[in-house]
file work_36.txt (compact mmCIF, C-alpha atoms)
# COMPACT_ATOMS: atom_id res chain seq x y z
CA MET A 144 142.59 149.29 41.72
CA ALA A 145 141.86 152.17 39.33
CA ASN A 146 138.76 151.95 37.15
CA GLU A 147 139.10 153.72 33.82
CA GLU A 148 135.75 152.41 32.55
CA PRO A 149 132.37 152.74 34.27
CA ASN A 150 132.14 149.00 34.88
CA THR A 151 132.78 148.13 38.52
CA GLY A 152 130.88 144.87 38.66
CA ASP A 153 128.42 146.57 40.99
CA ALA A 154 125.34 148.00 39.29
CA ARG A 155 124.81 150.43 42.15
CA LEU A 156 128.20 152.08 41.59
CA ASP A 157 128.32 152.15 37.80
CA PRO A 158 126.19 155.32 37.36
CA LEU A 159 128.32 157.21 39.89
CA VAL A 160 131.62 156.10 38.37
CA SER A 161 130.31 157.00 34.91
CA ALA A 162 129.30 160.48 36.10
CA LEU A 163 132.69 161.04 37.76
CA ALA A 164 134.53 160.02 34.60
CA SER A 165 132.36 162.31 32.51
CA HIS A 166 132.91 165.39 34.66
CA PHE A 167 136.48 164.94 35.88
CA GLY A 168 138.19 162.71 33.33
CA GLU A 169 140.25 165.61 31.98
CA LEU A 170 141.32 167.01 35.37
CA GLY A 171 143.77 164.29 36.36
CA CYS A 172 141.42 162.69 38.88
CA GLU A 173 141.59 158.98 39.62
CA THR A 174 138.59 156.83 40.52
CA LEU A 175 139.10 153.86 42.84
CA CYS A 176 136.50 151.20 43.65
CA ASP A 177 136.96 148.77 46.50
CA ARG A 178 134.62 146.93 48.88
CA GLY A 179 131.54 148.56 47.44
CA GLU A 180 132.89 152.09 47.93
CA VAL A 181 134.08 154.75 45.49
CA THR A 182 137.06 157.03 46.12
CA LEU A 183 137.93 159.99 43.92
CA VAL A 184 141.57 161.08 44.16
CA VAL A 185 141.71 164.78 43.26
CA PRO A 186 144.78 166.94 42.50
CA ALA A 187 145.09 169.62 45.18
CA ALA A 188 144.93 172.41 42.59
CA GLU A 189 141.51 171.17 41.39
CA LEU A 190 139.90 170.61 44.78
CA LEU A 191 137.55 173.60 44.85
CA ARG A 192 136.55 173.18 41.22
CA VAL A 193 135.79 169.50 41.69
CA GLY A 194 134.04 170.14 45.00
CA GLN A 195 131.69 172.74 43.53
CA THR A 196 130.76 170.42 40.68
CA LEU A 197 130.15 167.56 43.08
CA ARG A 198 127.86 169.75 45.15
CA ASP A 199 125.91 171.56 42.40
CA ASP A 200 125.74 169.30 39.35
CA PRO A 201 122.35 167.54 39.07
CA ASP A 202 124.04 164.23 38.20
CA LEU A 203 126.01 164.28 41.45
CA ARG A 204 124.44 166.54 44.10
CA PHE A 205 126.76 165.72 47.01
CA GLU A 206 125.30 168.47 49.13
CA GLN A 207 126.35 167.15 52.54
CA LEU A 208 129.84 166.77 54.05
CA ILE A 209 129.73 163.92 56.55
CA ASP A 210 133.34 163.90 57.72
CA LEU A 211 136.80 165.26 57.00
CA CYS A 212 140.06 163.94 58.43
CA GLY A 213 143.80 163.99 57.89
CA VAL A 214 146.03 160.99 57.15
CA ASP A 215 149.79 160.55 57.56
CA TYR A 216 151.11 157.89 55.17
CA VAL A 217 154.78 158.24 56.11
CA ALA A 218 155.06 154.75 57.64
CA TYR A 219 152.20 153.15 55.73
CA GLY A 220 152.71 149.39 55.39
CA ARG A 221 155.65 149.32 57.80
CA ASP A 222 155.80 148.42 61.50
CA GLU A 223 158.16 147.96 64.44
CA TRP A 224 156.95 144.48 65.33
CA GLU A 225 158.02 140.95 64.49
CA THR A 226 154.63 140.16 63.00
CA VAL A 227 155.57 137.99 60.02
CA ASP A 228 157.58 135.41 61.96
CA ALA A 229 155.59 135.59 65.21
CA SER A 230 154.17 132.30 66.46
CA THR A 231 150.50 131.70 67.11
CA SER A 232 151.13 131.50 70.84
CA GLY A 233 151.80 135.19 71.39
CA PHE A 234 152.57 138.58 69.97
CA GLY A 235 155.86 139.61 68.42
CA ARG A 236 158.28 141.78 70.33
CA GLY A 237 159.17 145.31 69.40
CA VAL A 238 162.32 145.56 67.29
CA GLU A 239 163.98 148.73 66.08
CA PRO A 240 162.15 152.03 65.48
CA ILE A 241 161.39 152.70 61.83
CA ALA A 242 164.22 154.75 60.39
CA ASP A 243 164.63 156.72 57.13
CA LEU A 244 161.07 158.04 57.13
CA ALA A 245 160.30 160.10 54.03
CA LEU A 246 159.10 163.15 55.95
CA ASP A 247 159.08 165.41 52.87
CA ASP A 248 157.27 163.01 50.54
CA PRO A 249 154.68 165.04 48.56
CA GLN A 250 152.16 162.25 49.21
CA ARG A 251 152.87 161.95 52.92
CA PHE A 252 149.78 163.82 54.10
CA ALA A 253 146.29 163.56 52.68
CA VAL A 254 142.92 165.05 53.49
CA VAL A 255 139.96 162.68 53.15
CA TYR A 256 136.39 163.93 52.69
CA HIS A 257 133.24 161.81 53.02
CA LEU A 258 130.30 163.16 51.04
CA LEU A 259 126.64 162.20 50.94
CA SER A 260 124.09 162.79 48.20
CA LEU A 261 120.64 162.75 49.76
CA GLY A 262 118.89 163.04 46.40
CA HIS A 263 120.72 160.11 44.79
CA ASN A 264 121.35 158.15 48.02
CA ARG A 265 125.06 157.83 47.27
CA ARG A 266 128.28 158.22 49.21
CA LEU A 267 131.66 159.30 47.90
CA ARG A 268 135.12 159.59 49.39
CA LEU A 269 137.51 162.30 48.20
CA ARG A 270 141.24 162.10 48.78
CA VAL A 271 143.59 165.04 48.26
CA TYR A 272 147.33 164.85 48.90
CA ALA A 273 148.57 167.88 50.82
CA GLY A 274 152.36 167.54 50.57
CA GLY A 275 154.99 166.66 53.14
CA ALA A 276 157.23 169.58 54.13
CA GLU A 277 154.44 172.17 54.48
CA PRO A 278 151.12 170.38 53.89
CA MET A 279 148.43 172.72 52.61
CA VAL A 280 145.17 172.45 50.67
CA ASP A 281 142.31 174.84 49.98
CA SER A 282 139.57 175.07 52.58
CA VAL A 283 136.18 173.73 51.49
CA HIS A 284 134.41 175.77 54.16
CA GLY A 285 132.81 177.91 51.44
CA LEU A 286 131.34 174.82 49.78
CA TRP A 287 130.39 172.84 52.88
CA PRO A 288 130.31 175.01 56.06
CA ALA A 289 130.39 171.84 58.17
CA ALA A 290 134.11 171.60 57.28
CA ASP A 291 134.92 174.42 59.73
CA TRP A 292 135.76 172.43 62.86
CA PHE A 293 136.83 169.34 60.90
CA GLU A 294 139.57 171.37 59.20
CA ARG A 295 140.64 172.86 62.52
CA GLU A 296 140.95 169.34 63.92
CA ALA A 297 143.10 168.18 60.97
CA PHE A 298 145.27 171.27 61.42
CA ASP A 299 145.64 170.65 65.14
CA LEU A 300 146.45 166.94 64.96
CA TYR A 301 148.37 166.75 61.66
CA GLY A 302 149.59 170.28 61.00
CA ILE A 303 147.76 170.45 57.66
CA LEU A 304 147.05 174.06 56.66
CA PHE A 305 143.77 175.00 54.98
CA ARG A 306 144.12 177.99 52.71
CA GLY A 307 141.18 180.40 53.13
CA HIS A 308 139.82 178.97 56.37
CA PRO A 309 138.12 181.77 58.35
CA ASP A 310 139.47 180.78 61.80
CA LEU A 311 142.25 178.20 61.58
CA ARG A 312 143.52 177.51 65.12
CA ARG A 313 143.90 174.57 67.47
CA ILE A 314 140.70 172.94 68.68
CA LEU A 315 141.70 169.87 70.75
CA THR A 316 145.13 170.59 72.20
CA ASP A 317 146.20 173.46 74.42
CA TYR A 318 147.29 176.77 72.91
CA GLY A 319 150.85 176.20 74.15
CA PHE A 320 151.03 172.67 72.75
CA LEU A 321 154.09 171.86 70.64
CA GLY A 322 153.83 169.69 67.53
CA HIS A 323 150.96 167.72 66.06
CA PRO A 324 150.20 164.49 67.96
CA PHE A 325 148.79 162.39 65.09
CA ARG A 326 151.93 162.67 62.98
CA LYS A 327 153.78 159.36 62.76
CA ASP A 328 157.06 160.98 63.81
CA PHE A 329 155.53 162.57 66.91
CA PRO A 330 157.03 160.91 70.05
CA LEU A 331 154.65 158.77 72.07
CA SER A 332 155.67 160.59 75.24
CA GLY A 333 155.09 164.03 73.72
CA GLU A 334 157.40 167.02 73.51
CA VAL A 335 156.66 168.77 76.82
CA GLU A 336 155.01 168.00 80.13
CA MET A 337 153.11 170.36 82.37
CA ARG A 338 152.68 170.71 86.10
CA TYR A 339 151.38 173.26 88.56
CA ASP A 340 154.12 175.42 90.08
CA PRO A 341 153.06 176.53 93.61
CA GLU A 342 155.71 179.28 93.65
CA GLN A 343 154.55 180.84 90.38
CA GLN A 344 150.93 179.83 91.11
CA ARG A 345 150.32 178.76 87.54
CA VAL A 346 150.74 175.82 85.16
CA VAL A 347 154.24 175.62 83.69
CA TYR A 348 155.67 173.61 80.80
CA ARG A 349 159.05 171.90 80.61
CA PRO A 350 160.71 169.35 78.26
CA VAL A 351 159.46 165.83 78.81
CA GLU A 352 161.84 163.59 80.77
CA ILE A 353 160.49 160.20 79.66
CA GLU A 354 163.06 158.17 77.73
CA PRO A 355 161.67 157.06 74.33
CA ARG A 356 161.25 153.30 74.01
CA ILE A 357 159.40 150.73 71.96
CA LEU A 358 156.27 149.49 73.68
CA VAL A 359 155.91 145.75 74.22
CA PRO A 360 152.35 144.39 74.31
CA LYS A 361 151.31 142.43 77.37
CA VAL A 362 149.87 139.01 76.61
CA ILE A 363 146.98 137.93 78.83
CA ARG A 364 145.66 134.46 78.15
CA ALA A 365 142.07 133.58 78.91
CA ASP A 366 142.88 130.82 81.41
CA SER A 367 145.98 132.29 83.10
CA ARG A 368 143.98 133.85 85.92
CA TYR A 369 142.87 130.48 87.25
CA LEU A 370 146.13 128.52 87.07
CA LYS A 371 147.53 127.27 90.37
CA ASP A 372 150.69 125.19 90.53
CA GLY A 373 150.36 124.42 86.84
CA ALA A 374 146.82 123.00 87.13
CA PRO A 375 143.59 124.86 86.30
CA THR A 376 141.21 125.57 89.13
CA ALA A 377 137.50 126.18 89.09
CA THR A 378 136.30 129.60 88.04
CA PRO A 379 135.16 131.54 91.12
CA ALA A 380 131.40 131.43 91.53
CA GLY A 381 129.45 134.36 90.25
CA THR A 382 132.27 135.70 88.08
CA LYS A 383 132.92 135.87 84.38
CA GLY A 384 136.32 135.59 82.78
CA ALA A 385 136.09 138.87 80.88
CA ALA A 386 134.90 140.77 83.93
CA ASN A 387 137.97 139.83 85.97
CA ALA A 388 140.62 140.74 83.38
call {"tool": "encode", "arguments": {"input": "work_36.txt", "output": "structure tokens"}}
result
Amino acid sequence: MANEEPNTGDARLDPLVSALASHFGELGCETLCDRGEVTLVVPAAELLRVGQTLRDDPDLRFEQLIDLCGVDYVAYGRDEWETVDASTSGFGRGVEPIADLALDDPQRFAVVYHLLSLGHNRRLRLRVYAGGAEPMVDSVHGLWPAADWFEREAFDLYGILFRGHPDLRRILTDYGFLGHPFRKDFPLSGEVEMRYDPEQQRVVYRPVEIEPRILVPKVIRADSRYLKDGAPTATPAGTKGAANA
């Protein structure tokens, strides 16, 4: 829920929301308040300007970047499971894969920043939409150097580019890895598989041979381990149910 006025119902948040409205009200930013937290949605073109003000202005002083991550909203609010009509006795079964995903939606990818003000003892979340076809935002490495590896991680897992990053390359996957594994349209079995080739005496890559399928969760009931001929038996001595799952 957007808050146009600095009145959140929480006296701790009102000064922060008021300061955000005062500094960024004319830049197209949107302030969201939910569950005792404040989120500032910033247009991508204004990211560096807003970030510098957040860091340097005495009313704000968010001098520390706690975390940075990517988000893929392409299937947000949708699922492949019969969850609405499922009974209370078990999980729903997988149905059809989600089709017609809006892969080029300009609000598909977002970068989320978590900031901390030590002087004011406040926290703030920034959200910047990066686009869908070729997601890209400015790097905040010059404002908060801690963003260096965080931005590399978001690039590696989501394919989000950070304009001006000093060393943007993969950090978690292999250099020969294809695709970005945290994207919602990335296959669960991956794109390629690797093995050691004794003839070539090196690791080789080849297209994955696993047939894509919808996963079905396995239901394990708490008492099913001790059923015998339809009647429960005594729990083995010296054991605990959770330990024998």
call {"tool": "closest_residue", "arguments": {"input": "work_36.txt", "among": "A:Glu354, A:Cys172, A:Asp200, A:Asp317", "to": "Arg270 (chain A)", "atoms": "all atoms listed in the file"}}
result
A:Cys172
call {"tool": "residues_around", "arguments": {"input": "work_36.txt", "residues": "Ala188 (chain A)", "least_positions_apart": "4", "cutoff": "10 Å", "atoms": "all atoms listed in the file", "output": "list of chain:residue names"}}
result
A:Leu170, A:Arg192, A:Val193, A:Val271, A:Val280, A:Asp281
call {"tool": "closest_residue", "arguments": {"input": "work_36.txt", "among": "A:Leu311, A:Gly319, A:Asp328, A:Leu163", "to": "Ala242 (chain A)", "atoms": "all atoms listed in the file"}}
result
A:Asp328
call {"tool": "closest_residue", "arguments": {"input": "work_36.txt", "among": "A:Asp202, A:Asp291, A:Glu180, A:Asp247", "to": "Glu277 (chain A)", "atoms": "all atoms listed in the file"}}
result
A:Asp247
call {"tool": "closest_residue", "arguments": {"input": "work_36.txt", "among": "A:Ile314, A:Leu269, A:Val255, A:Ala289", "to": "Leu211 (chain A)", "atoms": "all atoms listed in the file"}}
result
A:Val255
call {"tool": "atom_distance", "arguments": {"input": "work_36.txt", "atom1": "CA of Leu300 (chain A)", "atom2": "CA of Leu321 (chain A)"}}
result
10.7 Å
call {"tool": "residues_around", "arguments": {"input": "work_36.txt", "residues": "Tyr219 (chain A)", "least_positions_apart": "5", "cutoff": "12 Å", "atoms": "only C-alpha atoms", "output": "PyMOL selection string"}}
result
chain A and resi 214+241+244-245+250-252+326-327
call {"tool": "atom_distance", "arguments": {"input": "work_36.txt", "atom1": "CA of Leu267 (chain A)", "atom2": "CA of Gly171 (chain A)"}}
result
17.5 Å
call {"tool": "atom_distance", "arguments": {"input": "work_36.txt", "atom1": "CA of Gly262 (chain A)", "atom2": "CA of Val181 (chain A)"}}
result
17.3 Å
call {"tool": "closest_residue", "arguments": {"input": "work_36.txt", "among": "A:Tyr348, A:Ala297, A:Ala290, A:Ala187", "to": "Tyr318 (chain A)", "atoms": "all atoms listed in the file"}}
result
A:Tyr348
call {"tool": "closest_residue", "arguments": {"input": "work_36.txt", "among": "A:Leu286, A:Phe298, A:Trp292, A:Arg266", "to": "Val254 (chain A)", "atoms": "only C-alpha atoms"}}
result
A:Phe298
call {"tool": "residues_near_point", "arguments": {"input": "work_36.txt", "point": "(139.2, 180.7, 60.6)", "cutoff": "10 Å", "atoms": "all atoms listed in the file", "output": "PyMOL selection string"}}
result
chain A and resi 282+284+291-292+294-295+305-312
call {"tool": "residues_around", "arguments": {"input": "work_36.txt", "residues": "Glu296 (chain A)", "least_positions_apart": "6", "cutoff": "8 Å", "atoms": "all atoms listed in the file", "output": "list in words"}}
result
Cys212, Arg313, Ile314 and Leu315 of chain A
call {"tool": "residues_around", "arguments": {"input": "work_36.txt", "residues": "Met279 (chain A)", "least_positions_apart": "3", "cutoff": "9 Å", "atoms": "all atoms listed in the file", "output": "list in words"}}
result
Ala187, Tyr272, Ala273, Gly274, Gly275, Gly302, Ile303, Leu304, Phe305 and Arg306 of chain A
call {"tool": "residues_around", "arguments": {"input": "work_36.txt", "residues": "Glu352 (chain A)", "least_positions_apart": "2", "cutoff": "9 Å", "atoms": "only C-alpha atoms", "output": "ChimeraX atom specification"}}
result
/A:332,335-336,349-350,354
call {"tool": "build_atoms", "arguments": {"input": "work_36.txt", "residues": "region 280-291 of chain A", "atoms": "all heavy atoms", "output": "PDB file, keeping the file's coordinate frame"}}
result
ATOM      1  N   VAL A 280     146.195 172.568  51.702  1.00  0.00           N
ATOM      2  CA  VAL A 280     145.170 172.450  50.670  1.00  0.00           C
ATOM      3  C   VAL A 280     144.188 173.605  50.859  1.00  0.00           C
ATOM      4  O   VAL A 280     144.202 174.290  51.884  1.00  0.00           O
ATOM      5  CB  VAL A 280     144.416 171.106  50.736  1.00  0.00           C
ATOM      6  CG1 VAL A 280     145.353 169.934  50.476  1.00  0.00           C
ATOM      7  CG2 VAL A 280     143.725 170.940  52.078  1.00  0.00           C
ATOM      8  N   ASP A 281     143.341 173.808  49.876  1.00  0.00           N
ATOM      9  CA  ASP A 281     142.310 174.840  49.980  1.00  0.00           C
ATOM     10  C   ASP A 281     141.226 174.409  50.961  1.00  0.00           C
ATOM     11  O   ASP A 281     140.873 173.223  51.038  1.00  0.00           O
ATOM     12  CB  ASP A 281     141.685 175.125  48.621  1.00  0.00           C
ATOM     13  CG  ASP A 281     142.648 175.828  47.677  1.00  0.00           C
ATOM     14  OD1 ASP A 281     143.316 176.781  48.116  1.00  0.00           O
ATOM     15  OD2 ASP A 281     142.735 175.411  46.501  1.00  0.00           O
ATOM     16  N   SER A 282     140.685 175.356  51.693  1.00  0.00           N
ATOM     17  CA  SER A 282     139.570 175.070  52.580  1.00  0.00           C
ATOM     18  C   SER A 282     138.287 174.908  51.770  1.00  0.00           C
ATOM     19  O   SER A 282     138.037 175.658  50.815  1.00  0.00           O
ATOM     20  CB  SER A 282     139.394 176.213  53.588  1.00  0.00           C
ATOM     21  OG  SER A 282     138.201 176.046  54.336  1.00  0.00           O
ATOM     22  N   VAL A 283     137.474 173.926  52.145  1.00  0.00           N
ATOM     23  CA  VAL A 283     136.180 173.730  51.490  1.00  0.00           C
ATOM     24  C   VAL A 283     135.054 174.309  52.351  1.00  0.00           C
ATOM     25  O   VAL A 283     133.883 173.985  52.144  1.00  0.00           O
ATOM     26  CB  VAL A 283     135.922 172.235  51.207  1.00  0.00           C
ATOM     27  CG1 VAL A 283     136.967 171.685  50.245  1.00  0.00           C
ATOM     28  CG2 VAL A 283     135.899 171.416  52.507  1.00  0.00           C
ATOM     29  N   HIS A 284     135.424 175.167  53.296  1.00  0.00           N
ATOM     30  CA  HIS A 284     134.410 175.770  54.160  1.00  0.00           C
ATOM     31  C   HIS A 284     133.368 176.528  53.358  1.00  0.00           C
ATOM     32  O   HIS A 284     132.185 176.547  53.725  1.00  0.00           O
ATOM     33  CB  HIS A 284     135.099 176.706  55.163  1.00  0.00           C
ATOM     34  CG  HIS A 284     134.149 177.456  56.047  1.00  0.00           C
ATOM     35  ND1 HIS A 284     133.647 178.705  55.728  1.00  0.00           N
ATOM     36  CD2 HIS A 284     133.606 177.140  57.254  1.00  0.00           C
ATOM     37  CE1 HIS A 284     132.841 179.111  56.676  1.00  0.00           C
ATOM     38  NE2 HIS A 284     132.799 178.191  57.620  1.00  0.00           N
ATOM     39  N   GLY A 285     133.766 177.175  52.261  1.00  0.00           N
ATOM     40  CA  GLY A 285     132.810 177.910  51.440  1.00  0.00           C
ATOM     41  C   GLY A 285     131.838 177.017  50.693  1.00  0.00           C
ATOM     42  O   GLY A 285     130.744 177.465  50.330  1.00  0.00           O
ATOM     43  N   LEU A 286     132.226 175.767  50.455  1.00  0.00           N
ATOM     44  CA  LEU A 286     131.340 174.820  49.780  1.00  0.00           C
ATOM     45  C   LEU A 286     130.467 174.061  50.777  1.00  0.00           C
ATOM     46  O   LEU A 286     129.265 173.898  50.570  1.00  0.00           O
ATOM     47  CB  LEU A 286     132.165 173.820  48.960  1.00  0.00           C
ATOM     48  CG  LEU A 286     133.007 174.399  47.825  1.00  0.00           C
ATOM     49  CD1 LEU A 286     133.883 173.312  47.201  1.00  0.00           C
ATOM     50  CD2 LEU A 286     132.100 175.017  46.764  1.00  0.00           C
ATOM     51  N   TRP A 287     131.098 173.576  51.836  1.00  0.00           N
ATOM     52  CA  TRP A 287     130.390 172.840  52.880  1.00  0.00           C
ATOM     53  C   TRP A 287     130.772 173.463  54.229  1.00  0.00           C
ATOM     54  O   TRP A 287     131.843 173.174  54.788  1.00  0.00           O
ATOM     55  CB  TRP A 287     130.774 171.361  52.869  1.00  0.00           C
ATOM     56  CG  TRP A 287     130.383 170.648  51.607  1.00  0.00           C
ATOM     57  CD1 TRP A 287     129.143 170.268  51.219  1.00  0.00           C
ATOM     58  CD2 TRP A 287     131.279 170.201  50.567  1.00  0.00           C
ATOM     59  NE1 TRP A 287     129.181 169.622  50.003  1.00  0.00           N
ATOM     60  CE2 TRP A 287     130.484 169.574  49.584  1.00  0.00           C
ATOM     61  CE3 TRP A 287     132.655 170.283  50.374  1.00  0.00           C
ATOM     62  CZ2 TRP A 287     131.031 169.029  48.425  1.00  0.00           C
ATOM     63  CZ3 TRP A 287     133.209 169.740  49.229  1.00  0.00           C
ATOM     64  CH2 TRP A 287     132.404 169.117  48.261  1.00  0.00           C
ATOM     65  N   PRO A 288     129.955 174.334  54.787  1.00  0.00           N
ATOM     66  CA  PRO A 288     130.310 175.010  56.060  1.00  0.00           C
ATOM     67  C   PRO A 288     130.611 174.051  57.197  1.00  0.00           C
ATOM     68  O   PRO A 288     131.309 174.413  58.141  1.00  0.00           O
ATOM     69  CB  PRO A 288     129.055 175.848  56.361  1.00  0.00           C
ATOM     70  CG  PRO A 288     128.433 176.097  55.011  1.00  0.00           C
ATOM     71  CD  PRO A 288     128.687 174.849  54.225  1.00  0.00           C
ATOM     72  N   ALA A 289     130.117 172.808  57.109  1.00  0.00           N
ATOM     73  CA  ALA A 289     130.390 171.840  58.170  1.00  0.00           C
ATOM     74  C   ALA A 289     131.875 171.512  58.272  1.00  0.00           C
ATOM     75  O   ALA A 289     132.321 170.929  59.268  1.00  0.00           O
ATOM     76  CB  ALA A 289     129.604 170.549  57.927  1.00  0.00           C
ATOM     77  N   ALA A 290     132.670 171.898  57.267  1.00  0.00           N
ATOM     78  CA  ALA A 290     134.110 171.600  57.280  1.00  0.00           C
ATOM     79  C   ALA A 290     134.866 172.449  58.296  1.00  0.00           C
ATOM     80  O   ALA A 290     136.043 172.177  58.567  1.00  0.00           O
ATOM     81  CB  ALA A 290     134.700 171.820  55.887  1.00  0.00           C
ATOM     82  N   ASP A 291     134.243 173.467  58.855  1.00  0.00           N
ATOM     83  CA  ASP A 291     134.920 174.420  59.730  1.00  0.00           C
ATOM     84  C   ASP A 291     135.730 173.736  60.828  1.00  0.00           C
ATOM     85  O   ASP A 291     136.964 173.803  60.861  1.00  0.00           O
ATOM     86  CB  ASP A 291     133.870 175.364  60.340  1.00  0.00           C
ATOM     87  CG  ASP A 291     134.510 176.493  61.129  1.00  0.00           C
ATOM     88  OD1 ASP A 291     135.737 176.491  61.304  1.00  0.00           O
ATOM     89  OD2 ASP A 291     133.769 177.391  61.585  1.00  0.00           O
TER      90      ASP A 291
END
